[in-house]
$ cat my_file-v7.txt   # compact mmCIF, C-alpha atoms
# COMPACT_ATOMS: atom_id res chain seq x y z
CA MET A 13 -10.52 8.39 9.10
CA PRO A 14 -9.73 9.78 5.65
CA GLY A 15 -6.01 10.02 4.91
CA GLU A 16 -6.18 13.70 4.02
CA ILE A 17 -6.83 14.55 7.67
CA ALA A 18 -3.53 13.00 8.70
CA GLN A 19 -1.58 14.03 5.62
CA ASN A 20 -2.22 16.64 2.98
CA ARG A 21 -3.45 15.00 -0.22
CA ARG A 22 -1.04 17.07 -2.30
CA TYR A 23 1.97 15.07 -1.12
CA PRO A 24 2.95 11.47 -1.90
CA ASP A 25 2.45 8.89 0.82
CA GLY A 26 6.15 8.05 0.72
CA LEU A 27 9.44 8.36 -1.13
CA LEU A 28 11.94 5.53 -0.82
CA GLN A 29 15.46 5.02 -2.04
CA ALA A 30 15.50 1.40 -3.19
CA PHE A 31 18.45 -0.70 -4.28
CA LEU A 32 17.21 -2.91 -7.11
CA GLY A 33 18.96 -6.03 -8.32
CA ASN A 34 22.71 -5.62 -8.74
CA ASP A 35 22.51 -1.87 -9.37
CA PRO A 36 24.73 -0.16 -6.76
CA LYS A 37 22.88 3.14 -7.15
CA PRO A 38 19.62 3.73 -5.29
CA HIS A 39 16.43 4.44 -7.25
CA ASN A 40 13.79 6.89 -6.03
CA VAL A 41 10.43 5.15 -5.66
CA LEU A 42 7.26 7.03 -4.80
CA ILE A 43 4.68 5.10 -2.81
CA GLU A 44 0.99 5.89 -2.98
CA VAL A 45 -1.50 3.90 -0.90
CA ALA A 46 -5.19 3.88 -1.79
CA ALA A 47 -7.59 2.18 0.61
CA TYR A 48 -9.97 1.49 -2.28
CA PRO A 49 -9.79 1.93 -6.07
CA GLU A 50 -11.14 5.45 -6.58
CA ARG A 51 -10.80 7.80 -9.54
CA ARG A 52 -9.15 10.47 -7.40
CA ALA A 53 -6.15 8.12 -6.99
CA LEU A 54 -5.37 8.64 -10.70
CA LYS A 55 -5.05 12.39 -10.17
CA GLN A 56 -3.05 11.80 -7.00
CA ALA A 57 -0.55 9.59 -8.87
CA LEU A 58 -0.10 12.23 -11.58
CA ASP A 59 0.27 14.97 -8.94
CA ASP A 60 2.83 12.87 -7.03
CA LEU A 61 4.96 12.32 -10.11
CA ALA A 62 4.81 15.98 -11.16
CA LEU A 63 5.73 17.19 -7.67
CA ALA A 64 8.58 14.69 -7.34
CA TYR A 65 9.90 15.53 -10.81
CA SER A 66 9.92 19.22 -9.94
CA ALA A 67 11.69 18.63 -6.61
CA LEU A 68 14.14 15.90 -7.67
CA GLY A 69 14.92 16.99 -11.23
CA HIS A 70 14.19 13.49 -12.52
CA LEU A 71 11.16 11.26 -12.72
CA PRO A 72 11.03 8.62 -9.97
CA GLU A 73 9.32 5.25 -10.14
CA LEU A 74 5.81 5.10 -8.68
CA VAL A 75 4.14 2.11 -7.04
CA MET A 76 0.46 2.36 -6.10
CA PHE A 77 -0.83 -0.06 -3.47
CA VAL A 78 -4.59 -0.61 -3.44
CA LEU A 79 -5.67 -2.29 -0.22
CA ARG A 80 -9.23 -3.51 -0.81
CA PRO A 81 -11.59 -3.91 -3.80
CA LYS A 82 -14.70 -1.75 -3.98
CA GLY A 83 -17.14 -1.74 -6.85
CA LYS A 84 -16.05 -2.40 -10.42
CA PHE A 85 -13.56 0.45 -10.90
CA ARG A 86 -9.85 -0.45 -11.00
CA ILE A 87 -7.04 2.08 -10.82
CA GLY A 88 -4.92 0.60 -13.60
CA ASP A 89 -1.42 1.72 -14.41
CA ARG A 90 -1.74 5.02 -16.29
CA HIS A 91 -3.51 8.35 -16.46
CA ALA A 92 -3.43 11.18 -18.99
CA ILE A 93 -4.83 14.70 -19.00
CA ARG A 94 -5.12 17.24 -21.82
CA SER A 95 -5.25 20.99 -21.83
CA LYS A 96 -8.54 22.67 -22.73
CA LEU A 97 -7.36 23.51 -26.25
CA GLY A 98 -5.70 20.14 -26.72
CA LEU A 99 -2.25 21.58 -27.37
CA SER A 100 -0.74 19.91 -24.30
CA GLN A 101 -1.02 16.48 -22.82
CA LEU A 102 0.50 14.97 -19.71
CA GLU A 103 0.57 11.20 -19.26
CA ALA A 104 1.96 9.07 -16.47
CA ARG A 105 2.42 5.33 -15.99
CA TRP A 106 3.13 3.41 -12.83
CA ARG A 107 2.86 0.00 -11.19
CA THR A 108 -0.37 -0.80 -9.37
CA ILE A 109 -0.48 -3.61 -6.83
CA GLU A 110 -3.89 -4.82 -5.70
CA LEU A 111 -3.11 -6.46 -2.35
CA TRP A 112 -6.17 -8.74 -2.38
CA THR A 113 -4.75 -10.52 -5.46
CA LEU A 114 -1.41 -11.43 -3.85
CA PRO A 115 -0.88 -14.88 -2.27
CA GLY A 116 -0.95 -14.20 1.46
CA GLU A 117 0.42 -17.62 2.36
CA LYS A 118 3.58 -16.96 0.33
CA PHE A 119 4.24 -13.61 2.01
CA LEU A 120 3.50 -15.04 5.43
CA ALA A 121 5.93 -17.92 4.89
CA GLU A 122 8.74 -16.13 3.04
CA GLY A 123 8.40 -12.40 3.62
CA ASP A 124 10.23 -10.17 6.04
CA ALA A 125 8.35 -9.52 9.28
CA GLY A 126 7.69 -5.98 8.01
CA ILE A 127 5.39 -7.33 5.27
CA VAL A 128 3.32 -9.46 7.65
CA PRO A 129 0.85 -6.67 8.63
CA TRP A 130 -0.27 -6.55 4.98
CA VAL A 131 -1.06 -10.29 4.82
CA PRO A 132 -4.61 -9.92 6.25
CA LEU A 133 -5.52 -7.96 3.10
CA MET A 134 -4.06 -10.59 0.77
CA GLN A 135 -5.72 -13.68 -0.70
CA PHE A 136 -5.85 -16.83 1.41
CA ASP A 137 -8.17 -19.80 1.78
CA GLY A 138 -10.07 -20.88 4.86
CA PRO A 139 -11.15 -19.01 7.95
CA PRO A 140 -9.19 -15.86 8.82
CA GLU A 141 -8.41 -16.59 12.47
CA PRO A 142 -5.59 -19.15 11.90
CA VAL A 143 -3.88 -16.89 9.37
CA LEU A 144 -4.21 -13.82 11.59
CA GLU A 145 -2.83 -15.78 14.55
CA ARG A 146 0.17 -16.83 12.46
CA CYS A 147 0.69 -13.16 11.50
CA ALA A 148 0.72 -12.13 15.16
CA GLU A 149 3.09 -15.00 16.06
CA ARG A 150 5.56 -14.08 13.29
CA ILE A 151 5.57 -10.44 14.34
CA GLU A 152 6.07 -11.39 18.01
CA ARG A 153 8.86 -13.81 17.11
CA GLU A 154 10.76 -11.96 14.36
CA ALA A 155 10.14 -8.21 14.56
CA GLU A 156 12.68 -5.95 16.20
CA PRO A 157 11.51 -5.14 19.75
CA GLN A 158 11.14 -1.41 19.01
CA GLN A 159 8.94 -2.19 15.95
CA ARG A 160 6.87 -5.05 17.38
CA THR A 161 3.99 -2.99 18.82
CA ASP A 162 3.68 -0.83 15.71
CA LEU A 163 3.59 -3.87 13.41
CA LEU A 164 0.93 -5.55 15.57
CA VAL A 165 -1.19 -2.39 15.51
CA VAL A 166 -0.88 -2.05 11.73
CA ALA A 167 -1.76 -5.74 11.28
CA GLN A 168 -4.83 -5.25 13.47
CA VAL A 169 -5.94 -2.21 11.46
CA MET A 170 -5.47 -4.05 8.16
CA ALA A 171 -7.34 -7.09 9.45
CA GLY A 172 -10.14 -4.79 10.62
CA MET A 173 -10.57 -3.45 7.07
CA ARG A 174 -11.27 -6.95 5.80
CA PHE A 175 -12.79 -8.66 8.85
CA PRO A 176 -14.60 -5.96 10.83
CA GLY A 177 -16.57 -8.43 12.98
CA LEU A 178 -13.64 -10.37 14.45
CA ASP A 179 -12.30 -9.86 17.96
CA LEU A 180 -8.90 -8.67 16.80
CA LEU A 181 -7.74 -7.63 20.27
CA THR A 182 -7.68 -11.30 21.22
CA ILE A 183 -5.43 -12.08 18.26
CA PHE A 184 -3.14 -9.04 18.13
CA GLY A 185 -3.36 -7.75 21.70
CA GLY A 186 -3.89 -4.18 22.73
CA GLN A 187 -6.43 -2.36 24.86
CA LYS A 188 -10.12 -1.77 24.33
CA PRO A 189 -10.97 1.89 23.69
$ encode --input "my_file-v7.txt" --output "structure tokens"
Amino acid sequence: MPGEIAQNRRYPDGLLQAFLGNDPKPHNVLIEVAAYPERRALKQALDDLALAYSALGHLPELVMFVLRPKGKFRIGDRHAIRSKLGLSQLEARWRTIELWTLPGEKFLAEGDAGIVPWVPLMQFDGPPEPVLERCAERIEREAEPQQRTDLLVVAQVMAGMRFPGLDLLTIFGGQKP
């Protein structure tokens, strides 16, 4: 289902306080997730930054995650708009991460169990079943008990985006609808 049904499109998908490097102070990081690279994501990123700036009084970082490729359009890392008369311009820059370009094997081997549900969308060689089974095993083995079911469900949904024909219930568990 489209994300705007679950969450109003006018709000960012998430706001984190992240501790980066040796800096003892947290940094505000907006998170925007786009299922596919679409032009409306550019407007959404600009809206997110403007809303956060207004609410926080400072400009946070923004990271845009794009889950799957679609067509030739890419979101990129900036967007600018101009007023009708050209007297004003607003430009924003951010970091875009295209999940399908990341090395899934690396994240599966080294990443925290919380990153494992994203691995099915990442790049890996060979048939998907062995990788998806390893994802399920890592979640079962390493995730906190109260998070295990949620992580398995998210992994199944992500795998379904990329491999819609696979019997994912066999791999990740769950009940048939």
$ closest_atom_pairs --input "my_file-v7.txt" --of "region 60-111 of chain A" --to "region 130-152 of chain A" --cutoff "10 Å" --atoms "only C-alpha atoms" --output "CSV"
residue,atom,partner,partner_atom,distance
A:Val78,CA,A:Leu133,CA,9.9
A:Leu79,CA,A:Leu133,CA,6.6
A:Arg80,CA,A:Leu133,CA,7.0
A:Glu110,CA,A:Met134,CA,8.7
A:Leu111,CA,A:Met134,CA,5.3
$ closest_residue --input "my_file-v7.txt" --among "A:Gly185, A:Asp25, A:Ala53, A:Leu102" --to "Val165 (chain A)" --atoms "all atoms listed in the file"
A:Gly185
$ closest_residue --input "my_file-v7.txt" --among "A:Ile109, A:Leu42, A:Leu164, A:Leu99" --to "Ala125 (chain A)" --atoms "all atoms listed in the file"
A:Leu164
$ residues_around --input "my_file-v7.txt" --residues "Ile87 (chain A)" --least-positions-apart "6" --cutoff "12 Å" --atoms "only C-alpha atoms" --output "MDAnalysis selection string"
chainID A and resid 44:57 75:81 105:110
$ atom_distance --input "my_file-v7.txt" --atom1 "CA of Pro24 (chain A)" --atom2 "CA of Ile127 (chain A)"
20.3 Å
$ atom_distance --input "my_file-v7.txt" --atom1 "CA of Leu163 (chain A)" --atom2 "CA of Glu122 (chain A)"
16.9 Å
$ residues_around --input "my_file-v7.txt" --residues "Leu61 (chain A)" --least-positions-apart "4" --cutoff "8 Å" --atoms "all atoms listed in the file" --output "list in words"
Leu42, Ala57, Tyr65, Leu71, Pro72, Leu74 and Ala104 of chain A
$ atom_distance --input "my_file-v7.txt" --atom1 "CA of Pro176 (chain A)" --atom2 "CA of Asp162 (chain A)"
19.6 Å
$ closest_residue --input "my_file-v7.txt" --among "A:Ala30, A:Gly98, A:Asp124, A:Leu178" --to "Arg153 (chain A)" --atoms "only C-alpha atoms"
A:Asp124
$ axis_aligned_box --input "my_file-v7.txt" --around "region 86-90 of chain A" --padding-each-side "5 Å" --output "lines of an AutoDock Vina configuration file"
center_x = -5.6
center_y = 2.3
center_z = -13.6
size_x = 18.4
size_y = 15.5
size_z = 15.5
$ decode --input "my_file-v7.txt" --residues "region 59-70 of chain A" --atoms "all heavy atoms" --output "mmCIF file, in the first residue's frame"
data_model
loop_
_atom_site.group_PDB
_atom_site.id
_atom_site.type_symbol
_atom_site.label_atom_id
_atom_site.label_comp_id
_atom_site.auth_asym_id
_atom_site.auth_seq_id
_atom_site.Cartn_x
_atom_site.Cartn_y
_atom_site.Cartn_z
ATOM 1 N N ASP A 59 10.654 19.404 1.569
ATOM 2 C CA ASP A 59 9.617 19.648 2.580
ATOM 3 C C ASP A 59 10.077 19.180 3.963
ATOM 4 O O ASP A 59 9.864 19.866 4.962
ATOM 5 C CB ASP A 59 8.316 18.930 2.212
ATOM 6 C CG ASP A 59 7.602 19.535 1.020
ATOM 7 O OD1 ASP A 59 7.976 20.649 0.575
ATOM 8 O OD2 ASP A 59 6.667 18.879 0.503
ATOM 9 N N ASP A 60 10.700 18.002 4.024
ATOM 10 C CA ASP A 60 11.186 17.463 5.300
ATOM 11 C C ASP A 60 12.177 18.420 5.953
ATOM 12 O O ASP A 60 12.095 18.709 7.144
ATOM 13 C CB ASP A 60 11.886 16.124 5.087
ATOM 14 C CG ASP A 60 10.945 14.992 4.725
ATOM 15 O OD1 ASP A 60 9.715 15.198 4.758
ATOM 16 O OD2 ASP A 60 11.461 13.905 4.400
ATOM 17 N N LEU A 61 13.137 18.880 5.151
ATOM 18 C CA LEU A 61 14.165 19.774 5.695
ATOM 19 C C LEU A 61 13.566 21.102 6.155
ATOM 20 O O LEU A 61 13.936 21.619 7.211
ATOM 21 C CB LEU A 61 15.266 19.992 4.670
ATOM 22 C CG LEU A 61 16.198 18.799 4.468
ATOM 23 C CD1 LEU A 61 17.063 18.999 3.237
ATOM 24 C CD2 LEU A 61 17.061 18.583 5.701
ATOM 25 N N ALA A 62 12.650 21.647 5.377
ATOM 26 C CA ALA A 62 12.021 22.928 5.747
ATOM 27 C C ALA A 62 11.210 22.775 7.030
ATOM 28 O O ALA A 62 11.287 23.627 7.930
ATOM 29 C CB ALA A 62 11.145 23.434 4.601
ATOM 30 N N LEU A 63 10.449 21.695 7.134
ATOM 31 C CA LEU A 63 9.642 21.457 8.328
ATOM 32 C C LEU A 63 10.534 21.257 9.553
ATOM 33 O O LEU A 63 10.296 21.838 10.612
ATOM 34 C CB LEU A 63 8.756 20.224 8.117
ATOM 35 C CG LEU A 63 7.852 19.832 9.269
ATOM 36 C CD1 LEU A 63 6.797 20.900 9.513
ATOM 37 C CD2 LEU A 63 7.187 18.491 8.973
ATOM 38 N N ALA A 64 11.579 20.463 9.405
ATOM 39 C CA ALA A 64 12.484 20.206 10.529
ATOM 40 C C ALA A 64 13.217 21.477 10.942
ATOM 41 O O ALA A 64 13.388 21.740 12.137
ATOM 42 C CB ALA A 64 13.478 19.106 10.164
ATOM 43 N N TYR A 65 13.650 22.267 9.972
ATOM 44 C CA TYR A 65 14.327 23.527 10.287
ATOM 45 C C TYR A 65 13.405 24.443 11.084
ATOM 46 O O TYR A 65 13.809 25.038 12.089
ATOM 47 C CB TYR A 65 14.793 24.218 9.005
ATOM 48 C CG TYR A 65 15.425 25.553 9.258
ATOM 49 C CD1 TYR A 65 16.717 25.640 9.781
ATOM 50 C CD2 TYR A 65 14.741 26.734 9.000
ATOM 51 C CE1 TYR A 65 17.303 26.870 10.031
ATOM 52 C CE2 TYR A 65 15.319 27.966 9.243
ATOM 53 C CZ TYR A 65 16.599 28.028 9.764
ATOM 54 O OH TYR A 65 17.175 29.246 10.026
ATOM 55 N N SER A 66 12.155 24.526 10.662
ATOM 56 C CA SER A 66 11.190 25.370 11.353
ATOM 57 C C SER A 66 10.945 24.872 12.783
ATOM 58 O O SER A 66 10.868 25.671 13.715
ATOM 59 C CB SER A 66 9.875 25.381 10.573
ATOM 60 O OG SER A 66 8.911 26.145 11.239
ATOM 61 N N ALA A 67 10.851 23.573 12.967
ATOM 62 C CA ALA A 67 10.554 23.006 14.288
ATOM 63 C C ALA A 67 11.776 22.981 15.204
ATOM 64 O O ALA A 67 11.654 23.225 16.400
ATOM 65 C CB ALA A 67 10.000 21.593 14.126
ATOM 66 N N LEU A 68 12.958 22.670 14.652
ATOM 67 C CA LEU A 68 14.155 22.498 15.473
ATOM 68 C C LEU A 68 14.957 23.780 15.650
ATOM 69 O O LEU A 68 15.727 23.902 16.594
ATOM 70 C CB LEU A 68 15.079 21.442 14.850
ATOM 71 C CG LEU A 68 14.523 20.028 14.711
ATOM 72 C CD1 LEU A 68 15.468 19.161 13.889
ATOM 73 C CD2 LEU A 68 14.267 19.421 16.078
ATOM 74 N N GLY A 69 14.830 24.707 14.709
ATOM 75 C CA GLY A 69 15.625 25.934 14.759
ATOM 76 C C GLY A 69 17.010 25.770 14.162
ATOM 77 O O GLY A 69 17.824 26.680 14.204
ATOM 78 N N HIS A 70 17.304 24.598 13.632
ATOM 79 C CA HIS A 70 18.555 24.352 12.916
ATOM 80 C C HIS A 70 18.299 23.293 11.842
ATOM 81 O O HIS A 70 17.315 22.558 11.912
ATOM 82 C CB HIS A 70 19.689 23.912 13.856
ATOM 83 C CG HIS A 70 19.463 22.579 14.483
ATOM 84 N ND1 HIS A 70 18.741 22.416 15.651
ATOM 85 C CD2 HIS A 70 19.837 21.339 14.116
ATOM 86 C CE1 HIS A 70 18.699 21.146 15.965
ATOM 87 N NE2 HIS A 70 19.348 20.458 15.045
#
